[in-house]
$ cat model.csv   # CSV, C-alpha atoms
chain,number,residue,atom,x,y,z
A,1,MET,CA,1.0,-9.1,-15.8
A,2,LYS,CA,4.5,-7.6,-15.8
A,3,LEU,CA,4.5,-3.9,-14.8
A,4,THR,CA,7.2,-1.7,-13.3
A,5,LYS,CA,6.7,-0.2,-9.8
A,6,GLU,CA,5.8,3.1,-11.4
A,7,GLN,CA,3.2,1.4,-13.6
A,8,PHE,CA,1.7,-0.3,-10.6
A,9,ARG,CA,1.5,3.1,-8.8
A,10,GLU,CA,-0.5,4.4,-11.7
A,11,LEU,CA,-3.2,2.0,-10.8
A,12,GLU,CA,-3.8,4.0,-7.6
A,13,THR,CA,-5.7,6.6,-9.7
A,14,PHE,CA,-6.7,4.6,-12.8
A,15,ASP,CA,-10.3,4.6,-13.9
A,16,PHE,CA,-11.0,1.0,-15.1
A,17,VAL,CA,-13.7,2.1,-17.5
A,18,GLU,CA,-10.9,3.4,-19.6
A,19,ASP,CA,-9.6,-0.2,-20.0
A,20,THR,CA,-12.9,-1.2,-21.6
A,21,ILE,CA,-12.5,1.1,-24.6
A,22,GLY,CA,-10.2,-1.4,-26.3
A,23,ASP,CA,-8.0,1.1,-28.2
A,24,LYS,CA,-5.6,3.8,-27.3
A,25,GLU,CA,-6.7,6.3,-30.0
A,26,THR,CA,-10.1,7.0,-28.5
A,27,PRO,CA,-9.8,10.0,-26.2
A,28,TYR,CA,-11.0,9.5,-22.7
A,29,PRO,CA,-12.3,12.7,-21.0
A,30,LYS,CA,-10.7,14.0,-17.8
A,31,ASP,CA,-13.7,15.9,-16.5
A,32,THR,CA,-15.5,13.9,-13.7
A,33,TYR,CA,-19.1,14.6,-14.8
A,34,GLU,CA,-18.3,14.3,-18.5
A,35,LYS,CA,-17.0,10.8,-17.8
A,36,TRP,CA,-20.1,10.0,-15.8
A,37,VAL,CA,-22.5,11.0,-18.5
A,38,LEU,CA,-20.6,9.3,-21.4
A,39,TYR,CA,-20.4,6.1,-19.4
A,40,LYS,CA,-24.1,6.1,-18.3
A,41,ALA,CA,-25.4,7.2,-21.7
A,42,GLY,CA,-24.6,3.8,-23.3
A,43,GLY,CA,-28.0,2.6,-22.3
A,44,LEU,CA,-29.6,5.4,-24.3
A,45,LEU,CA,-27.9,4.6,-27.7
A,46,THR,CA,-27.9,1.8,-30.1
A,47,LYS,CA,-25.8,1.0,-33.2
A,48,ASP,CA,-27.4,-0.2,-36.4
A,49,GLY,CA,-25.6,-3.5,-37.3
A,50,LYS,CA,-25.9,-2.8,-41.1
A,51,THR,CA,-25.3,0.9,-41.5
A,52,GLY,CA,-23.2,1.6,-38.3
A,53,GLU,CA,-25.5,4.5,-37.5
A,54,ILE,CA,-25.6,5.4,-33.8
A,55,ARG,CA,-29.1,6.5,-32.8
A,56,LEU,CA,-31.3,7.0,-29.7
A,57,LEU,CA,-33.3,4.1,-28.5
A,58,GLY,CA,-36.9,4.5,-29.1
A,59,ASN,CA,-37.9,4.6,-25.4
A,60,VAL,CA,-36.3,8.1,-24.8
A,61,SER,CA,-39.4,10.2,-24.9
A,62,GLU,CA,-39.8,13.6,-26.5
A,63,LYS,CA,-39.8,15.4,-23.1
A,64,PHE,CA,-36.0,14.9,-22.9
A,65,VAL,CA,-35.2,17.8,-25.1
A,66,GLU,CA,-31.6,18.2,-24.2
A,67,ILE,CA,-30.8,14.5,-24.6
A,68,ARG,CA,-32.3,14.6,-28.1
A,69,LYS,CA,-30.3,17.7,-29.0
A,70,TYR,CA,-27.1,16.2,-27.7
A,71,PHE,CA,-27.4,12.8,-29.4
A,72,VAL,CA,-29.4,13.4,-32.6
A,73,GLY,CA,-27.4,14.8,-35.6
A,74,GLU,CA,-23.7,15.0,-36.2
A,75,GLU,CA,-22.6,17.7,-33.8
A,76,HIS,CA,-21.6,15.2,-31.1
A,77,ASP,CA,-20.4,12.3,-33.2
A,78,THR,CA,-17.1,12.1,-31.2
A,79,GLU,CA,-19.0,11.7,-27.9
A,80,LYS,CA,-21.4,9.1,-29.4
A,81,ASN,CA,-18.4,7.0,-30.6
A,82,ILE,CA,-16.8,7.2,-27.2
A,83,ILE,CA,-20.1,6.2,-25.6
A,84,MET,CA,-20.4,3.1,-27.8
A,85,LYS,CA,-16.9,1.9,-26.7
A,86,LEU,CA,-17.3,2.3,-22.9
A,87,HIS,CA,-18.4,-0.7,-20.9
A,88,ASP,CA,-18.9,-1.9,-17.4
A,89,PRO,CA,-15.5,-3.1,-16.0
A,90,ASP,CA,-17.3,-5.9,-14.3
A,91,GLY,CA,-18.5,-7.2,-17.7
A,92,ASN,CA,-21.8,-8.7,-18.6
A,93,ILE,CA,-22.2,-12.4,-19.5
A,94,LYS,CA,-24.7,-13.1,-22.3
A,95,GLY,CA,-24.9,-16.4,-24.1
A,96,GLY,CA,-21.5,-17.5,-22.9
A,97,LYS,CA,-19.8,-14.3,-24.2
A,98,ILE,CA,-18.4,-11.4,-22.3
A,99,LEU,CA,-19.8,-8.0,-23.2
A,100,GLY,CA,-17.4,-5.2,-22.3
A,101,GLY,CA,-15.4,-5.8,-19.1
A,102,SER,CA,-11.8,-5.0,-18.1
A,103,TRP,CA,-9.3,-7.7,-18.8
A,104,LEU,CA,-6.8,-5.7,-16.7
A,105,LEU,CA,-9.1,-6.0,-13.7
A,106,GLN,CA,-9.4,-9.7,-14.4
A,107,ASP,CA,-5.6,-10.1,-14.4
A,108,ILE,CA,-5.5,-8.3,-11.1
A,109,TYR,CA,-8.1,-10.6,-9.5
A,110,LYS,CA,-6.0,-13.6,-10.6
A,111,LYS,CA,-2.9,-12.1,-9.1
A,112,LEU,CA,-4.4,-11.1,-5.8
A,113,TRP,CA,-6.7,-14.1,-5.3
A,114,PRO,CA,-5.1,-16.9,-7.3
A,115,GLU,CA,-6.5,-19.8,-5.2
A,116,LEU,CA,-10.0,-18.2,-4.8
A,117,THR,CA,-10.5,-17.3,-8.4
A,118,ALA,CA,-9.7,-20.9,-9.5
A,119,ARG,CA,-12.9,-22.0,-7.7
A,120,GLU,CA,-15.8,-23.0,-9.9
A,121,PHE,CA,-18.3,-20.8,-8.0
A,122,MET,CA,-16.2,-17.7,-8.9
A,123,LYS,CA,-16.1,-17.9,-12.6
A,124,HIS,CA,-17.8,-18.4,-16.0
A,125,LEU,CA,-16.3,-20.4,-18.8
A,126,LEU,CA,-16.7,-18.4,-22.0
A,127,ASN,CA,-17.8,-20.0,-25.3
A,128,ASP,CA,-14.3,-19.8,-26.7
A,129,ASN,CA,-13.3,-22.5,-24.2
A,130,LYS,CA,-10.0,-20.7,-23.7
A,131,ASN,CA,-10.8,-18.0,-21.3
A,132,ILE,CA,-12.6,-17.8,-18.0
A,133,TRP,CA,-14.3,-14.7,-16.6
A,134,ILE,CA,-14.1,-14.0,-12.9
A,135,CYS,CA,-17.4,-12.7,-11.5
A,136,SER,CA,-17.0,-9.2,-10.3
A,137,ASP,CA,-18.8,-6.5,-8.3
A,138,THR,CA,-18.6,-2.7,-8.1
A,139,MET,CA,-18.8,-2.5,-4.3
A,140,THR,CA,-20.7,0.8,-4.1
A,141,SER,CA,-22.3,2.2,-7.3
A,142,ALA,CA,-22.9,5.8,-8.2
A,143,GLN,CA,-26.3,6.3,-10.0
A,144,GLN,CA,-28.5,5.4,-7.0
A,145,ARG,CA,-26.4,7.6,-4.8
A,146,MET,CA,-26.9,10.5,-7.2
A,147,ASN,CA,-30.7,9.9,-7.3
A,148,ASP,CA,-30.8,9.9,-3.5
A,149,PHE,CA,-28.7,13.0,-3.2
A,150,LEU,CA,-30.9,14.9,-5.7
A,151,LYS,CA,-34.0,13.8,-4.0
A,152,VAL,CA,-33.0,15.2,-0.6
A,153,SER,CA,-31.1,18.3,-1.8
A,154,ALA,CA,-32.5,19.7,-5.1
A,155,TYR,CA,-34.7,22.7,-5.5
A,156,GLY,CA,-36.1,25.0,-8.2
A,157,ASP,CA,-36.2,23.5,-11.7
A,158,PHE,CA,-34.6,20.3,-10.4
A,159,GLU,CA,-37.6,19.8,-8.0
A,160,ASN,CA,-40.2,20.6,-10.6
A,161,ILE,CA,-39.2,18.0,-13.3
A,162,ARG,CA,-38.9,14.9,-11.1
A,163,THR,CA,-41.0,11.9,-12.3
A,164,ARG,CA,-43.6,10.0,-10.4
A,165,ILE,CA,-43.0,6.3,-9.9
A,166,GLU,CA,-45.3,4.3,-7.5
A,167,GLU,CA,-46.5,7.5,-5.9
A,168,LYS,CA,-42.9,8.5,-5.0
A,169,GLN,CA,-41.1,11.2,-6.8
A,170,GLN,CA,-37.9,9.8,-8.2
A,171,TYR,CA,-34.9,10.8,-10.2
A,172,SER,CA,-34.0,8.5,-13.1
A,173,LEU,CA,-30.8,8.2,-15.1
A,174,ARG,CA,-32.4,9.8,-18.1
A,175,LEU,CA,-33.5,12.7,-16.0
A,176,CYS,CA,-30.1,13.2,-14.4
A,177,ILE,CA,-28.5,13.3,-17.9
A,178,GLU,CA,-31.2,15.7,-19.0
A,179,LEU,CA,-30.4,18.0,-16.1
A,180,TYR,CA,-26.7,17.8,-16.7
A,181,LEU,CA,-27.1,18.7,-20.4
A,182,LYS,CA,-29.5,21.5,-19.6
A,183,ASP,CA,-27.1,23.3,-17.3
A,184,LYS,CA,-23.8,21.6,-16.6
A,185,ASN,CA,-22.6,24.3,-14.1
A,186,GLU,CA,-25.8,24.1,-12.0
A,187,PHE,CA,-25.7,20.3,-12.0
A,188,LYS,CA,-22.1,20.3,-10.9
A,189,GLU,CA,-22.8,22.9,-8.2
A,190,LYS,CA,-25.7,21.0,-6.7
A,191,LEU,CA,-23.8,17.7,-6.7
A,192,GLY,CA,-20.6,19.3,-5.5
A,193,SER,CA,-20.0,16.9,-2.6
A,194,MET,CA,-20.5,13.9,-4.9
A,195,GLU,CA,-17.6,14.7,-7.2
A,196,ASN,CA,-15.0,13.1,-5.0
A,197,PHE,CA,-17.0,9.9,-4.9
A,198,LEU,CA,-17.4,9.9,-8.7
A,199,ASN,CA,-13.6,10.2,-9.0
A,200,HIS,CA,-13.2,7.0,-6.9
A,201,TRP,CA,-16.2,5.1,-8.3
A,202,HIS,CA,-14.2,3.1,-10.8
A,203,MET,CA,-10.9,2.9,-8.9
A,204,LEU,CA,-9.4,-0.5,-8.0
A,205,GLY,CA,-10.5,-0.3,-4.4
A,206,ASN,CA,-14.2,-0.3,-5.4
A,207,TYR,CA,-14.0,-3.7,-7.1
A,208,ILE,CA,-14.0,-7.2,-5.7
A,209,PRO,CA,-14.3,-10.7,-7.2
A,210,VAL,CA,-17.5,-12.3,-6.0
A,211,PRO,CA,-19.4,-15.6,-6.5
A,212,ARG,CA,-21.8,-16.1,-9.4
A,213,ASP,CA,-25.1,-14.2,-9.2
A,214,PHE,CA,-23.9,-12.1,-6.3
A,215,ASN,CA,-23.4,-8.8,-8.0
A,216,SER,CA,-27.0,-7.5,-8.6
A,217,ALA,CA,-28.7,-9.7,-6.1
A,218,ARG,CA,-27.1,-8.1,-3.0
A,219,SER,CA,-28.0,-4.6,-4.1
A,220,GLY,CA,-31.7,-5.5,-3.7
A,221,PRO,CA,-34.7,-4.1,-5.5
A,222,TYR,CA,-34.0,-0.5,-6.8
A,223,ALA,CA,-30.5,-0.9,-5.5
A,224,VAL,CA,-31.7,0.1,-2.0
A,225,HIS,CA,-28.9,-1.9,-0.3
A,226,ASP,CA,-26.2,-1.1,-2.8
A,227,TYR,CA,-23.7,0.2,-0.2
A,228,TRP,CA,-20.7,-1.9,0.7
A,229,ASP,CA,-20.9,-1.1,4.4
A,230,LEU,CA,-24.4,-2.7,4.4
A,231,THR,CA,-23.1,-5.7,2.5
A,232,LEU,CA,-20.3,-6.1,5.1
A,233,LEU,CA,-22.8,-5.9,7.9
A,234,LYS,CA,-24.7,-9.0,6.6
A,235,ILE,CA,-21.4,-10.8,5.9
A,236,GLN,CA,-20.3,-10.1,9.5
A,237,GLU,CA,-23.6,-11.4,10.7
A,238,TYR,CA,-23.1,-14.6,8.7
A,239,TYR,CA,-19.8,-15.3,10.4
A,240,LYS,CA,-21.3,-14.7,13.8
A,241,LYS,CA,-24.2,-17.1,13.2
A,242,ARG,CA,-22.6,-19.6,10.9
A,243,ASP,CA,-23.1,-22.5,13.4
A,244,ASN,CA,-26.9,-22.0,13.2
A,245,GLU,CA,-27.9,-23.5,9.9
A,246,ASP,CA,-31.4,-22.0,9.7
A,247,GLU,CA,-30.0,-18.5,10.5
A,248,VAL,CA,-27.3,-18.9,7.9
A,249,TRP,CA,-29.6,-19.6,5.0
A,250,LYS,CA,-31.9,-16.8,6.1
A,251,ILE,CA,-29.1,-14.3,6.2
A,252,LEU,CA,-27.6,-15.3,2.9
A,253,SER,CA,-30.7,-16.1,0.8
A,254,GLU,CA,-33.4,-13.9,2.1
A,255,GLU,CA,-31.5,-10.9,3.4
A,256,LEU,CA,-28.1,-10.5,1.7
A,257,LEU,CA,-29.2,-11.8,-1.7
A,258,HIS,CA,-32.9,-10.7,-1.4
A,259,GLY,CA,-34.1,-14.2,-2.6
A,260,ARG,CA,-32.5,-13.7,-6.0
A,261,GLY,CA,-28.8,-14.9,-5.9
A,262,ASP,CA,-27.1,-18.2,-5.5
A,263,ALA,CA,-26.9,-18.6,-1.7
A,264,SER,CA,-24.9,-21.8,-2.0
A,265,ALA,CA,-22.1,-20.1,-4.1
A,266,CYS,CA,-22.1,-17.2,-1.6
A,267,LYS,CA,-21.7,-19.6,1.3
A,268,GLN,CA,-18.8,-21.3,-0.4
A,269,TRP,CA,-17.2,-17.9,-1.0
A,270,LEU,CA,-17.5,-16.9,2.6
A,271,ASP,CA,-16.4,-20.3,4.0
A,272,TYR,CA,-13.3,-20.0,1.9
A,273,PHE,CA,-12.1,-17.2,4.2
A,274,ASP,CA,-13.1,-19.2,7.3
A,275,SER,CA,-13.6,-16.1,9.5
A,276,TRP,CA,-14.7,-12.5,9.5
A,277,GLU,CA,-11.3,-11.2,10.4
A,278,ASN,CA,-9.7,-13.3,7.6
A,279,PHE,CA,-12.3,-12.0,5.2
A,280,ILE,CA,-11.4,-8.4,6.0
A,281,GLU,CA,-7.6,-9.0,5.8
A,282,LYS,CA,-7.6,-11.1,2.7
A,283,ASN,CA,-9.8,-8.6,0.9
A,284,TRP,CA,-7.8,-5.6,2.0
A,285,MET,CA,-10.8,-4.0,3.8
A,286,GLN,CA,-9.1,-3.0,7.0
A,287,ASP,CA,-10.3,0.6,6.4
A,288,PHE,CA,-13.9,-0.5,6.2
A,289,VAL,CA,-13.8,-1.6,9.9
A,290,ASN,CA,-12.6,-0.2,13.2
A,291,GLY,CA,-10.0,-1.6,15.5
A,292,ASN,CA,-12.4,-4.1,16.8
A,293,TYR,CA,-13.3,-5.3,13.3
A,294,GLU,CA,-16.8,-3.8,13.5
A,295,THR,CA,-18.1,-2.4,10.2
A,296,GLU,CA,-17.7,1.4,9.9
A,297,PRO,CA,-21.0,3.0,8.5
A,298,PHE,CA,-20.8,5.3,5.5
A,299,PHE,CA,-22.8,7.8,7.6
A,300,ASP,CA,-23.9,8.0,11.2
A,301,GLY,CA,-26.9,5.8,11.7
A,302,HIS,CA,-26.5,3.9,8.4
A,303,ASP,CA,-27.7,0.3,8.8
A,304,TRP,CA,-29.7,-2.4,7.0
A,305,ASN,CA,-33.0,-0.9,8.2
A,306,ASN,CA,-32.0,2.7,7.4
A,307,PRO,CA,-30.3,2.2,4.1
A,308,LYS,CA,-30.8,5.6,2.4
A,309,PRO,CA,-29.4,9.0,3.4
A,310,LYS,CA,-32.2,11.4,4.3
A,311,THR,CA,-30.4,14.7,4.4
A,312,PRO,CA,-27.7,16.5,2.3
A,313,ASP,CA,-25.3,16.2,5.3
A,314,GLU,CA,-25.7,12.4,5.4
A,315,CYS,CA,-25.0,12.3,1.7
A,316,LYS,CA,-21.9,14.4,2.1
A,317,GLU,CA,-20.7,12.2,4.9
A,318,LEU,CA,-21.4,9.1,2.8
A,319,PHE,CA,-19.4,10.4,-0.1
A,320,GLU,CA,-16.5,11.5,2.1
A,321,ARG,CA,-16.2,8.3,4.1
A,322,SER,CA,-16.7,5.8,1.2
A,323,SER,CA,-14.3,7.7,-1.0
A,324,GLU,CA,-11.6,7.6,1.7
A,325,MET,CA,-12.1,3.9,2.3
A,326,ILE,CA,-11.9,3.2,-1.5
A,327,LYS,CA,-8.7,5.2,-1.8
A,328,LYS,CA,-7.0,3.5,1.1
A,329,ARG,CA,-8.1,0.0,-0.1
A,330,THR,CA,-6.8,0.9,-3.6
A,331,ASN,CA,-3.4,1.7,-2.1
A,332,ARG,CA,-3.3,-1.5,-0.1
A,333,MET,CA,-4.1,-3.6,-3.2
A,334,VAL,CA,-1.4,-1.8,-5.2
A,335,ASP,CA,1.1,-2.5,-2.4
A,336,ALA,CA,0.1,-6.1,-2.5
A,337,LEU,CA,0.5,-6.3,-6.3
A,338,ILE,CA,4.0,-4.8,-6.0
A,339,ALA,CA,4.9,-7.3,-3.2
A,340,LYS,CA,3.6,-10.2,-5.3
A,341,SER,CA,5.5,-9.0,-8.3
A,342,LYS,CA,8.8,-8.8,-6.3
A,343,GLN,CA,8.2,-12.3,-4.9
A,344,ALA,CA,7.6,-13.7,-8.4
A,345,ALA,CA,10.8,-12.2,-9.6
A,346,LEU,CA,12.9,-14.0,-6.9
$ encode --input "model.csv" --output "structure tokens"
Amino acid sequence: MKLTKEQFRELETFDFVEDTIGDKETPYPKDTYEKWVLYKAGGLLTKDGKTGEIRLLGNVSEKFVEIRKYFVGEEHDTEKNIIMKLHDPDGNIKGGKILGGSWLLQDIYKKLWPELTAREFMKHLLNDNKNIWICSDTMTSAQQRMNDFLKVSAYGDFENIRTRIEEKQQYSLRLCIELYLKDKNEFKEKLGSMENFLNHWHMLGNYIPVPRDFNSARSGPYAVHDYWDLTLLKIQEYYKKRDNEDEVWKILSEELLHGRGDASACKQWLDYFDSWENFIEKNWMQDFVNGNYETEPFFDGHDWNNPKPKTPDECKELFERSSEMIKKRTNRMVDALIAKSKQAAL
């Protein structure tokens, strides 16, 4: 990974989804919400292996009129082709193969955490037997945050077309895309305070190498705990109680990983850093804690038992604080990459 200082600095605003496209000819949009809808719409489309035709998956019902107008026919072929090339920078392992993923992000992990990413519990060996894939996590994701925000702040037509799931009205990804396509200006206006977070969502400072089976497990059912400040609270608790074996496994397995992840791999990961303070320093998370190394909440009163914002003001606070933390961590990581590059050149 040989870059000039100026190229390293470009990483401070780089959207890592762009690295998953795989070619420089495909145009990547600049508009924040257009990038969001193209990235998320990948789950709505499929490509015929024989004809190459891109079409809607059958489970997008007829009630999503705008989605069908947007994706059926030839008018938006450019957008459909972009959508089929965009992937999750964290990647997705299936059958020993990596689907999507950012190799640039992988190179950065190996530069910033060379000893850690060599550990067996941090990687997958791909079927080609030549490459390894470092397990990765997007620290705070966007879709559930959007759903939460719309739930507590929307009105009018937005309110009337919510869907019912388990007796609770919920917004879904399909519904969000439908609302965006129905009236982009109204959608942007109502989610105004979220735009800054969407701009930081796929920046370097919102990614971290993690042990196997950590990524989705720590988010919990319906991504209720998919906030990095909440994850840090549990990690901090682990270090405080690590001498109590019964408490340790409860914190890791039952609480942090919600009974679904690999608690043993998680323990090896945390023990590698040895202490809470070292975990913060070695992961460039100084801006996620205060001067006493206590986790800073994304909004006042945010904790494990109060995971979701309940008001528009709490959502706005969440977006502002988390975005600022991501930005500062990105800068710290780029500084570290430049320092390591200089050291390697000596």
$ atom_distance --input "model.csv" --atom1 "atom CA of A:Arg119" --atom2 "atom CA of A:Phe288"
25.6 Å
$ closest_residue --input "model.csv" --among "A:Met285, A:Val248, A:Ile21, A:Leu116" --to "A:Ala263" --atoms "all atoms listed in the file"
A:Val248
$ residues_around --input "model.csv" --residues "stretch 210-218 of chain A" --least-positions-apart "3" --cutoff "9 Å" --atoms "all atoms listed in the file" --output "VMD selection string"
chain A and resid 117 120 to 124 134 to 139 221 223 225 to 226 231 255 to 263 265 to 266 268 to 269
$ atom_distance --input "model.csv" --atom1 "atom CA of A:Tyr272" --atom2 "atom CA of A:Ser253"
17.9 Å
$ residues_around --input "model.csv" --residues "A:Tyr239" --least-positions-apart "4" --cutoff "8 Å" --atoms "all atoms listed in the file" --output "ChimeraX atom specification"
/A:235,275-276
